[in-house]
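A.B. asks: If it helps, the file is called target.txt and holds compact mmCIF, C-alpha atoms and all ligand atoms:
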```
# COMPACT_ATOMS: atom_id res chain seq x y z
CA MET L 4 4.03 -23.79 -31.63
CA PRO L 5 5.36 -24.81 -28.19
CA LEU L 6 7.34 -22.29 -26.14
CA VAL L 7 10.83 -21.83 -27.54
CA SER L 8 14.07 -21.19 -25.68
CA LEU L 9 15.71 -17.79 -25.50
CA ARG L 10 18.89 -19.31 -26.90
CA GLN L 11 17.13 -20.45 -30.04
CA LEU L 12 15.70 -16.98 -30.72
CA LEU L 13 18.90 -15.13 -29.93
CA ASP L 14 20.95 -17.45 -32.15
CA HIS L 15 18.55 -16.63 -34.98
CA ALA L 16 18.75 -12.92 -34.18
CA ALA L 17 22.56 -13.05 -34.22
CA GLU L 18 22.63 -14.94 -37.50
CA HIS L 19 20.40 -12.35 -39.13
CA ARG L 20 21.74 -9.37 -37.16
CA TYR L 21 18.61 -8.08 -35.46
CA GLY L 22 17.49 -7.49 -31.85
CA ILE L 23 14.41 -8.70 -30.01
CA PRO L 24 12.51 -6.59 -27.48
CA ALA L 25 11.83 -8.50 -24.25
CA PHE L 26 8.67 -7.01 -22.84
CA ASN L 27 7.72 -7.30 -19.18
CA VAL L 28 4.17 -8.52 -18.60
CA ASN L 29 1.87 -8.33 -15.62
CA ASN L 30 -1.65 -8.49 -17.00
CA LEU L 31 -3.95 -9.52 -19.83
CA GLU L 32 -3.85 -6.20 -21.65
CA GLN L 33 -0.06 -6.15 -21.91
CA VAL L 34 0.07 -9.75 -23.14
CA LYS L 35 -2.61 -9.11 -25.74
CA ALA L 36 -0.96 -5.90 -26.95
CA ILE L 37 2.44 -7.58 -27.39
CA MET L 38 0.92 -10.54 -29.24
CA ALA L 39 -1.18 -8.34 -31.51
CA ALA L 40 1.90 -6.29 -32.43
CA ALA L 41 3.93 -9.46 -33.04
CA ASP L 42 1.17 -10.90 -35.17
CA GLU L 43 0.87 -7.76 -37.27
CA THR L 44 4.62 -7.55 -37.84
CA ASP L 45 5.41 -11.31 -37.97
CA SER L 46 7.86 -10.96 -35.09
CA PRO L 47 9.14 -13.49 -32.55
CA VAL L 48 8.20 -12.75 -28.93
CA ILE L 49 9.97 -12.65 -25.59
CA MET L 50 7.67 -12.04 -22.63
CA GLN L 51 9.19 -11.85 -19.17
CA GLY L 52 7.88 -11.83 -15.63
CA SER L 53 9.65 -9.92 -12.86
CA ALA L 54 9.47 -10.51 -9.12
CA GLY L 55 7.06 -7.56 -9.09
CA ALA L 56 4.88 -9.26 -11.70
CA ARG L 57 4.72 -12.43 -9.62
CA LYS L 58 3.70 -10.35 -6.63
CA TYR L 59 1.07 -8.49 -8.62
CA ALA L 60 -0.45 -11.25 -10.75
CA GLY L 61 0.72 -14.38 -8.97
CA GLU L 62 2.74 -17.06 -10.69
CA ALA L 63 -0.25 -19.08 -11.93
CA TYR L 64 -1.97 -16.13 -13.61
CA LEU L 65 1.28 -14.95 -15.15
CA ARG L 66 2.09 -18.37 -16.58
CA HIS L 67 -1.40 -19.00 -17.89
CA LEU L 68 -1.60 -15.57 -19.51
CA ILE L 69 1.54 -16.35 -21.50
CA LEU L 70 0.37 -19.87 -22.29
CA ALA L 71 -2.95 -18.41 -23.45
CA ALA L 72 -0.98 -16.19 -25.83
CA VAL L 73 0.76 -19.27 -27.24
CA GLU L 74 -2.60 -20.98 -27.77
CA ALA L 75 -4.20 -17.92 -29.36
CA HIS L 76 -1.25 -17.30 -31.72
CA PRO L 77 0.05 -20.81 -32.53
CA HIS L 78 2.34 -19.65 -35.32
CA VAL L 79 4.24 -17.05 -33.23
CA PRO L 80 7.46 -18.24 -31.51
CA VAL L 81 7.25 -17.23 -27.83
CA VAL L 82 9.84 -17.32 -25.03
CA MET L 83 8.55 -17.28 -21.44
CA HIS L 84 11.41 -15.76 -19.48
CA GLN L 85 12.02 -15.16 -15.77
CA ASP L 86 13.36 -11.61 -15.39
CA HIS L 87 15.98 -10.86 -12.69
CA GLY L 88 15.88 -14.14 -10.81
CA ALA L 89 17.41 -13.14 -7.48
CA SER L 90 18.58 -16.62 -6.48
CA PRO L 91 18.94 -20.16 -7.84
CA ALA L 92 15.74 -21.03 -5.95
CA VAL L 93 13.73 -18.46 -7.91
CA CYS L 94 15.14 -19.81 -11.18
CA VAL L 95 14.41 -23.44 -10.29
CA GLN L 96 10.86 -22.50 -9.37
CA ALA L 97 10.43 -20.81 -12.75
CA ILE L 98 11.86 -23.84 -14.56
CA ARG L 99 9.49 -26.14 -12.65
CA SER L 100 6.54 -24.03 -13.62
CA GLY L 101 7.44 -24.21 -17.31
CA PHE L 102 9.46 -21.11 -18.16
CA SER L 103 11.67 -21.71 -21.21
CA SER L 104 14.32 -19.25 -20.05
CA VAL L 105 15.55 -17.75 -16.79
CA MET L 106 17.74 -14.87 -15.73
CA MET L 107 20.04 -15.52 -12.80
CA ASP L 108 20.95 -12.01 -11.72
CA GLY L 109 23.97 -12.70 -9.56
CA SER L 110 25.23 -9.14 -9.86
CA LEU L 111 23.30 -8.56 -6.64
CA LEU L 112 22.89 -10.80 -3.60
CA ALA L 113 19.58 -12.61 -3.05
CA ASP L 114 18.19 -9.49 -1.33
CA ALA L 115 18.20 -7.92 -4.83
CA LYS L 116 19.86 -4.77 -3.54
CA THR L 117 23.42 -5.53 -2.35
CA PRO L 118 26.13 -5.74 -5.05
CA SER L 119 27.73 -9.19 -4.88
CA SER L 120 31.32 -10.33 -5.31
CA TYR L 121 32.47 -11.61 -8.70
CA ASP L 122 32.96 -15.11 -7.27
CA TYR L 123 29.42 -15.19 -5.88
CA ASN L 124 28.08 -14.14 -9.27
CA VAL L 125 30.05 -16.84 -11.10
CA ASP L 126 29.12 -19.58 -8.61
CA THR L 127 25.36 -18.90 -8.49
CA THR L 128 25.11 -18.37 -12.25
CA ARG L 129 27.06 -21.52 -13.06
CA LEU L 130 24.84 -23.53 -10.73
CA VAL L 131 21.70 -22.28 -12.49
CA VAL L 132 23.24 -22.94 -15.92
CA GLU L 133 23.95 -26.56 -14.97
CA MET L 134 20.38 -27.16 -13.82
CA ALA L 135 18.67 -25.19 -16.59
CA HIS L 136 20.67 -26.58 -19.50
CA ALA L 137 19.95 -30.12 -18.33
CA VAL L 138 16.32 -29.49 -19.29
CA GLY L 139 17.01 -27.28 -22.32
CA VAL L 140 16.14 -24.01 -20.59
CA SER L 141 18.40 -21.06 -21.40
CA VAL L 142 20.06 -18.73 -18.93
CA GLU L 143 20.80 -15.01 -18.96
CA GLY L 144 23.42 -13.76 -16.52
CA GLU L 145 24.35 -10.23 -15.52
CA LEU L 146 27.76 -8.70 -14.97
CA GLY L 147 28.08 -5.13 -13.71
CA VAL L 148 25.53 -3.13 -11.77
CA LEU L 149 22.69 -1.21 -13.41
CA GLY L 150 22.71 2.43 -12.39
CA SER L 151 23.26 6.02 -13.40
CA LEU L 152 26.61 7.33 -14.63
CA GLU L 153 25.24 10.83 -13.96
CA THR L 154 24.64 10.37 -10.25
CA LEU L 155 26.63 7.17 -9.58
CA ALA L 156 23.53 5.77 -7.86
CA GLY L 157 22.15 2.28 -8.36
CA GLY L 158 18.68 1.97 -9.86
CA LYS L 159 16.27 1.23 -7.07
CA GLU L 160 13.10 2.49 -8.69
CA ASP L 161 11.43 -0.80 -9.57
CA GLY L 162 12.11 -2.54 -6.30
CA HIS L 163 15.06 -4.37 -7.83
CA GLY L 164 18.44 -2.71 -7.94
CA ALA L 165 21.57 -1.76 -6.06
CA GLU L 166 21.24 0.56 -3.10
CA GLY L 167 23.62 3.38 -2.33
CA ALA L 168 26.56 4.97 -4.10
CA MET L 169 28.50 3.06 -6.76
CA THR L 170 31.76 3.64 -8.57
CA ARG L 171 31.91 4.23 -12.33
CA GLU L 172 33.77 0.94 -12.51
CA GLN L 173 30.92 -0.98 -10.92
CA LEU L 174 28.44 0.65 -13.31
CA LEU L 175 30.34 -0.36 -16.45
CA THR L 176 30.88 -4.02 -17.33
CA ASP L 177 34.54 -4.83 -17.85
CA PRO L 178 35.18 -6.57 -21.22
CA ALA L 179 37.94 -8.89 -19.96
CA GLN L 180 35.89 -9.89 -16.93
CA ALA L 181 32.89 -10.46 -19.24
CA ALA L 182 34.95 -12.95 -21.25
CA ASP L 183 35.99 -14.77 -18.08
CA PHE L 184 32.39 -14.75 -16.81
CA VAL L 185 30.95 -16.28 -19.98
CA ASN L 186 33.75 -18.82 -20.11
CA SER L 187 33.22 -19.81 -16.47
CA THR L 188 29.41 -19.94 -16.47
CA HIS L 189 28.40 -20.84 -20.06
CA VAL L 190 25.47 -18.41 -19.94
CA ASP L 191 23.46 -18.10 -23.16
CA ALA L 192 23.14 -14.33 -22.90
CA LEU L 193 24.88 -11.65 -20.89
CA ALA L 194 23.23 -8.53 -19.46
CA ILE L 195 25.74 -5.71 -19.29
CA ALA L 196 25.91 -2.42 -17.41
CA ILE L 197 26.39 0.67 -19.60
CA GLY L 198 24.65 3.44 -17.62
CA THR L 199 21.02 2.43 -18.06
CA SER L 200 18.68 1.84 -15.14
CA HIS L 201 15.13 0.63 -14.69
CA GLY L 202 12.14 2.94 -14.64
CA ALA L 203 11.25 6.34 -16.06
CA TYR L 204 14.07 8.39 -14.49
CA LYS L 205 17.21 7.25 -16.27
CA PHE L 206 18.78 10.51 -17.45
CA THR L 207 18.20 14.18 -16.61
CA ARG L 208 19.08 15.16 -20.19
CA LYS L 209 19.13 13.57 -23.60
CA PRO L 210 21.93 11.05 -23.09
CA ASP L 211 25.32 11.38 -24.75
CA GLY L 212 28.30 9.01 -24.61
CA GLU L 213 29.30 10.29 -21.15
CA ILE L 214 26.18 8.90 -19.48
CA LEU L 215 25.11 6.17 -21.92
CA ALA L 216 28.19 4.13 -22.78
CA ILE L 217 27.35 2.55 -26.12
CA SER L 218 31.11 2.47 -26.72
CA ARG L 219 31.34 -0.07 -23.90
CA ILE L 220 29.00 -2.40 -25.79
CA LYS L 221 31.37 -2.23 -28.73
CA GLU L 222 34.36 -3.09 -26.54
CA ILE L 223 32.56 -6.03 -24.96
CA HIS L 224 31.33 -7.28 -28.32
CA ALA L 225 34.84 -7.07 -29.74
CA ARG L 226 36.06 -9.24 -26.86
CA ILE L 227 33.19 -11.81 -26.91
CA PRO L 228 31.64 -11.59 -30.40
CA ASN L 229 29.78 -14.90 -30.03
CA THR L 230 27.93 -13.92 -26.85
CA HIS L 231 24.43 -12.51 -27.08
CA LEU L 232 24.36 -9.21 -25.19
CA VAL L 233 21.32 -7.93 -23.28
CA MET L 234 20.46 -4.31 -22.61
CA HIS L 235 18.33 -3.76 -19.51
CA GLY L 236 16.61 -0.49 -18.70
CA SER L 237 16.06 0.10 -22.40
CA SER L 238 12.84 2.07 -22.36
CA SER L 239 13.04 5.20 -24.47
CA VAL L 240 10.63 7.14 -22.21
CA PRO L 241 8.77 8.76 -25.14
CA GLN L 242 8.44 12.53 -24.68
CA GLU L 243 5.03 12.34 -26.43
CA TRP L 244 3.63 10.05 -23.75
CA LEU L 245 5.10 12.18 -20.97
CA ALA L 246 3.28 15.14 -22.53
CA VAL L 247 -0.03 13.24 -22.63
CA ILE L 248 0.35 12.13 -19.01
CA ARG L 249 1.03 15.74 -17.92
CA GLU L 250 -1.80 17.15 -20.06
CA PHE L 251 -4.32 14.88 -18.41
CA GLY L 252 -3.41 15.44 -14.78
CA GLY L 253 -0.28 13.35 -14.26
CA GLU L 254 2.82 14.68 -12.56
CA MET L 255 6.10 13.58 -14.10
CA PRO L 256 9.21 15.76 -14.04
CA GLU L 257 11.46 16.13 -17.08
CA THR L 258 13.28 12.90 -17.81
CA TRP L 259 14.95 10.98 -20.65
CA GLY L 260 15.29 7.37 -21.67
CA VAL L 261 17.44 5.43 -24.12
CA PRO L 262 16.90 6.74 -27.68
CA VAL L 263 15.86 4.06 -30.16
CA GLU L 264 18.82 5.00 -32.41
CA GLN L 265 21.21 4.18 -29.57
CA ILE L 266 19.57 0.79 -29.14
CA GLN L 267 19.94 0.22 -32.88
CA GLU L 268 23.64 1.04 -32.53
CA GLY L 269 23.77 -1.56 -29.74
CA ILE L 270 22.09 -4.10 -32.01
CA ARG L 271 24.75 -3.47 -34.66
CA ASN L 272 27.24 -4.40 -31.94
CA GLY L 273 25.94 -7.66 -30.53
CA VAL L 274 22.87 -6.66 -28.48
CA ARG L 275 20.20 -9.27 -29.17
CA LYS L 276 17.73 -8.84 -26.27
CA VAL L 277 16.38 -5.42 -25.33
CA ASN L 278 14.41 -5.21 -22.08
CA ILE L 279 11.42 -2.88 -22.08
CA ASP L 280 8.87 -2.43 -19.33
CA THR L 281 8.50 1.28 -18.54
CA ASP L 282 7.54 2.38 -22.08
CA ILE L 283 4.49 0.12 -22.05
CA ARG L 284 3.55 1.46 -18.62
CA LEU L 285 3.86 5.06 -19.83
CA ALA L 286 1.83 4.44 -22.98
CA MET L 287 -0.93 2.65 -21.07
CA THR L 288 -1.07 5.26 -18.32
CA GLY L 289 -1.18 8.10 -20.86
CA ALA L 290 -3.96 6.41 -22.81
CA MET L 291 -5.98 5.66 -19.68
CA ARG L 292 -5.64 9.21 -18.32
CA ARG L 293 -6.68 10.65 -21.67
CA THR L 294 -9.69 8.34 -22.02
CA LEU L 295 -10.88 8.93 -18.46
CA ALA L 296 -10.60 12.70 -18.94
CA ARG L 297 -12.31 12.75 -22.32
CA LYS L 298 -15.08 10.26 -21.61
CA ARG L 299 -16.10 11.37 -18.19
CA SER L 300 -19.29 9.33 -18.05
CA GLU L 301 -17.56 6.07 -19.02
CA PHE L 302 -17.70 3.44 -16.30
CA ASP L 303 -16.81 0.27 -18.23
CA PRO L 304 -13.14 -0.50 -17.53
CA ARG L 305 -12.96 -2.46 -20.77
CA LYS L 306 -13.41 0.74 -22.77
CA ILE L 307 -10.56 2.37 -20.89
CA LEU L 308 -8.28 -0.67 -21.02
CA LYS L 309 -8.95 -1.08 -24.73
CA GLU L 310 -7.34 2.31 -25.32
CA ALA L 311 -4.43 1.33 -23.09
CA GLN L 312 -4.02 -1.89 -25.04
CA LEU L 313 -4.02 -0.05 -28.35
CA ALA L 314 -1.37 2.41 -27.14
CA ALA L 315 0.82 -0.47 -25.94
CA LYS L 316 0.34 -2.33 -29.21
CA VAL L 317 1.48 0.65 -31.28
CA LEU L 318 4.55 1.05 -29.10
CA CYS L 319 5.46 -2.65 -29.37
CA ARG L 320 4.96 -2.59 -33.12
CA GLU L 321 7.35 0.37 -33.42
CA ARG L 322 10.01 -1.48 -31.41
CA TYR L 323 9.63 -4.71 -33.42
CA GLU L 324 10.09 -2.73 -36.61
CA ALA L 325 12.96 -0.59 -35.33
CA PHE L 326 14.92 -3.57 -33.99
CA GLY L 327 14.68 -5.53 -37.27
CA CYS L 328 12.40 -8.23 -35.85
CA ALA L 329 9.55 -7.75 -38.28
CA GLY L 330 9.16 -10.65 -40.70
CA MET L 331 11.45 -12.99 -38.70
CA GLY L 332 8.75 -14.97 -36.82
CA PRO L 333 7.67 -17.23 -39.71
CA ARG L 334 11.33 -18.08 -40.40
CA ILE L 335 11.66 -19.81 -37.02
CA ARG L 336 10.72 -23.46 -36.37
CA ALA L 337 10.52 -24.40 -32.72
CA VAL L 338 13.33 -26.60 -31.42
CA PRO L 339 11.91 -28.67 -28.53
CA LEU L 340 13.57 -28.00 -25.18
CA GLU L 341 14.60 -31.70 -25.02
CA ASP L 342 16.61 -31.18 -28.23
CA MET L 343 18.19 -28.06 -26.76
CA ALA L 344 19.14 -30.13 -23.67
CA ALA L 345 20.78 -32.72 -25.93
CA ARG L 346 22.77 -30.01 -27.72
CA TYR L 347 23.97 -28.58 -24.41
CA ALA L 348 24.95 -32.10 -23.30
CA GLU L 349 27.06 -32.55 -26.44
CA ARG L 350 28.57 -29.15 -25.65
CA ALA L 351 27.46 -28.05 -29.10
CA LEU L 352 26.27 -24.75 -27.61
CA ALA L 353 29.27 -24.02 -25.40
CA PRO L 354 30.69 -20.49 -25.70
CA VAL L 355 33.65 -19.86 -27.95
CA ILE L 356 36.01 -17.43 -26.25
CA ARG L 357 39.15 -16.26 -27.96
O1 LIG L 401 13.19 -5.53 -13.79
C1 LIG L 401 12.66 -4.48 -14.12
C2 LIG L 401 11.25 -4.30 -14.43
O2 LIG L 401 10.99 -2.98 -14.76
C3 LIG L 401 10.37 -4.87 -13.37
O3 LIG L 401 9.71 -3.99 -12.59
O4 LIG L 401 9.49 -5.29 -10.44
O5 LIG L 401 8.07 -3.27 -10.91
O6 LIG L 401 7.70 -5.38 -12.14
P1 LIG L 401 8.69 -4.51 -11.43
P1 LIG L 402 12.82 -0.29 -18.36
O1 LIG L 402 12.43 0.12 -16.99
O2 LIG L 402 13.73 0.70 -19.00
O3 LIG L 402 11.65 -0.57 -19.23
O4 LIG L 402 13.68 -1.64 -18.25
C1 LIG L 402 13.06 -2.88 -18.03
C2 LIG L 402 14.02 -3.96 -17.70
O5 LIG L 402 15.22 -3.85 -17.85
C3 LIG L 402 13.44 -5.21 -17.19
O6 LIG L 402 14.40 -6.15 -16.82
ZN ZN L 403 16.16 -5.38 -15.95
```
Mind turning the file's structure into structure tokens?

C.D. replies:
Amino acid sequence: MPLVSLRQLLDHAAEHRYGIPAFNVNNLEQVKAIMAAADETDSPVIMQGSAGARKYAGEAYLRHLILAAVEAHPHVPVVMHQDHGASPAVCVQAIRSGFSSVMMDGSLLADAKTPSSYDYNVDTTRLVVEMAHAVGVSVEGELGVLGSLETLAGGKEDGHGAEGAMTREQLLTDPAQAADFVNSTHVDALAIAIGTSHGAYKFTRKPDGEILAISRIKEIHARIPNTHLVMHGSSSVPQEWLAVIREFGGEMPETWGVPVEQIQEGIRNGVRKVNIDTDIRLAMTGAMRRTLARKRSEFDPRKILKEAQLAAKVLCRERYEAFGCAGMGPRIRAVPLEDMAARYAERALAPVIR
């Protein structure tokens, strides 16, 4: 099957009321783990590359790893998505290199750390939508700034995120503004801010409604029920993997992520794409530490990476099952990007805002 567009998968997910994990990828082991889990559960796949992934792997390796996955698993629908495009130029580059979906993150300026004005966000996102839709590529936008409602700090941990102190208002997407944003830009999916942030240190305690605003998802969904919502910073930071990392020499202070049940509540309220990077990192690091400690004479990296791959696969499988994705892959027939472009041109995919 050729690459499919994000819009096609999210429309299917909305129709059948499930969510799709969007896993960040940087290397062969992550790609293989995600594909193995998708294969075992018959799930559709979204793999995304961040600016950090481009820096680590390089664009060509990243692209070919994902295309290799498509070749190795021809029956699995796969989206190749640009995560947090910091400018229209980054998005155009991704489109040119064959990505079927891009994120224009105009919530920050092109430096990826300064919160932007609303008008800047609308203008840059609309520009990317015009270019991307012309070739059938879908676009995710972001409104609101990712960051902690506990500390009112932006999330800088992964090299992408607002710097300095924020207000609670900036950290929570406004439903009325979300409606105006979708109406003005025609994005296919909207990333919203509800108190999550990237990385392992999201919450200092198991989150409640004060610091993880699932209620805000409900308000936004009530206002724009036909828009696919995206939750960033959605790793659950499994306590079991933290324990393994600590047991085998790692140093990680107490921390909490987004509980899977809260994500499921989000999915019941319009969340269709769930971004996960950190959980795979934690599982792989835990598995590698444990293998290195237990098999002290092992010098073949493949033996160590095989354990990391297995740990990542189990984690991905759990998320596919928990989000209702399992069994959906074979029900999807790829719509060519040219056909998606034609539908956008007829305005058949324009947002419906009440
Ligand atoms: O966008 C968030 C991801 O966790 C990316 O992190 O830039 O370290 O690859 P990264
Ligand atoms: P996590 O750091 O919670 O895995 O979030 C990843 C993400 O949002 C990528 O865009
Ligand atoms: Zn993100």

A.B. asks: Counting only C-alpha atoms and all ligand atoms, what residues are within 7 Å of ligand ZN 403 (chain L), given as a count of residues only?

C.D. replies: 6

A.B. asks: Which is closer to Asp342 of chain L than all the others in L:Val138, L:Leu130, L:Gly147, L:Asn30, using only C-alpha atoms?

C.D. replies: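 The closest residue to Asp342 of chain L is L:Val138.
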
A.B. asks: Taking only C-alpha atoms and all ligand atoms into account, which residues are within 7 Å of ligand LIG 401 (chain L), as a ChimeraX atom specification?

C.D. replies: /L:27,53-56,86-87,161-163,201-202,280-281

A.B. asks: Set the distance at 10 Å and use only C-alpha atoms: which residues neighbour Lys35 of chain L once local chain neighbours fewer than 5 positions away are removed? I'd like the list as a PyMOL selection string.

C.D. replies: chain L and resi 28+30+40-41+68-69+71-72+75+312-313+315-316

A.B. asks: Could you name the residues that touch Pro228 of chain L at 9 Å or less, counting all atoms listed in the file, but leaving out those on the same chain fewer than 5 positions away, as a list in words?

C.D. replies: Ile223, Asn272, Gly273, Val355 and Ile356 of chain L

A.B. asks: Point out the residue among L:Ala182, L:Ala60, L:Ile214, L:Val277 with the least atom-to-atom distance to ligand LIG 402 (chain L), counting all atoms listed in the file.

C.D. replies: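 So, comparing all the options, the nearest one is L:Val277.
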
A.B. asks: Out of L:Glu143, L:Asp114, L:Glu243, L:Asp14, which residue has the shortest atom-to-atom distance to ligand LIG 402 (chain L) when counting only C-alpha atoms and all ligand atoms?

C.D. replies: L:Glu143

A.B. asks: I'd like the contact shell of Trp259 of chain L - 8 Å cut-off, only C-alpha atoms, skipping same-chain residues fewer than 6 positions apart - returned as a PDB file with C-alpha atoms, in the frame of the given file.

C.D. replies:
```
ATOM      1  CA  ALA L 203      11.250   6.340 -16.060  1.00  0.00           C
ATOM      2  CA  TYR L 204      14.070   8.390 -14.490  1.00  0.00           C
ATOM      3  CA  LYS L 205      17.210   7.250 -16.270  1.00  0.00           C
ATOM      4  CA  PHE L 206      18.780  10.510 -17.450  1.00  0.00           C
ATOM      5  CA  THR L 207      18.200  14.180 -16.610  1.00  0.00           C
ATOM      6  CA  ARG L 208      19.080  15.160 -20.190  1.00  0.00           C
ATOM      7  CA  LYS L 209      19.130  13.570 -23.600  1.00  0.00           C
ATOM      8  CA  PRO L 210      21.930  11.050 -23.090  1.00  0.00           C
ATOM      9  CA  SER L 239      13.040   5.200 -24.470  1.00  0.00           C
ATOM     10  CA  VAL L 240      10.630   7.140 -22.210  1.00  0.00           C
ATOM     11  CA  PRO L 241       8.770   8.760 -25.140  1.00  0.00           C
ATOM     12  CA  GLN L 242       8.440  12.530 -24.680  1.00  0.00           C
TER      13      GLN L 242
END
```

A.B. asks: Find, counting all atoms listed in the file, the residue in L:Leu193, L:Ala216, L:Met50, L:Leu155 that gets nearest to Met107 of chain L.

C.D. replies: L:Leu193

A.B. asks: Can you work out which one of L:Pro354, L:Gly330, L:Gly109, L:Gly52 has the shortest atom-to-atom distance to ligand LIG 402 (chain L), counting all atoms listed in the file?

C.D. replies: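 Of the candidates, the smallest distance to ligand LIG 402 (chain L) is held by L:Gly52.
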
A.B. asks: Between L:Ala325, L:Leu340, L:Leu295, L:Leu308, which one has atoms that come closest to Gly101 of chain L, using all atoms listed in the file?

C.D. replies: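 Of the candidates, the smallest distance to Gly101 of chain L is held by L:Leu340.
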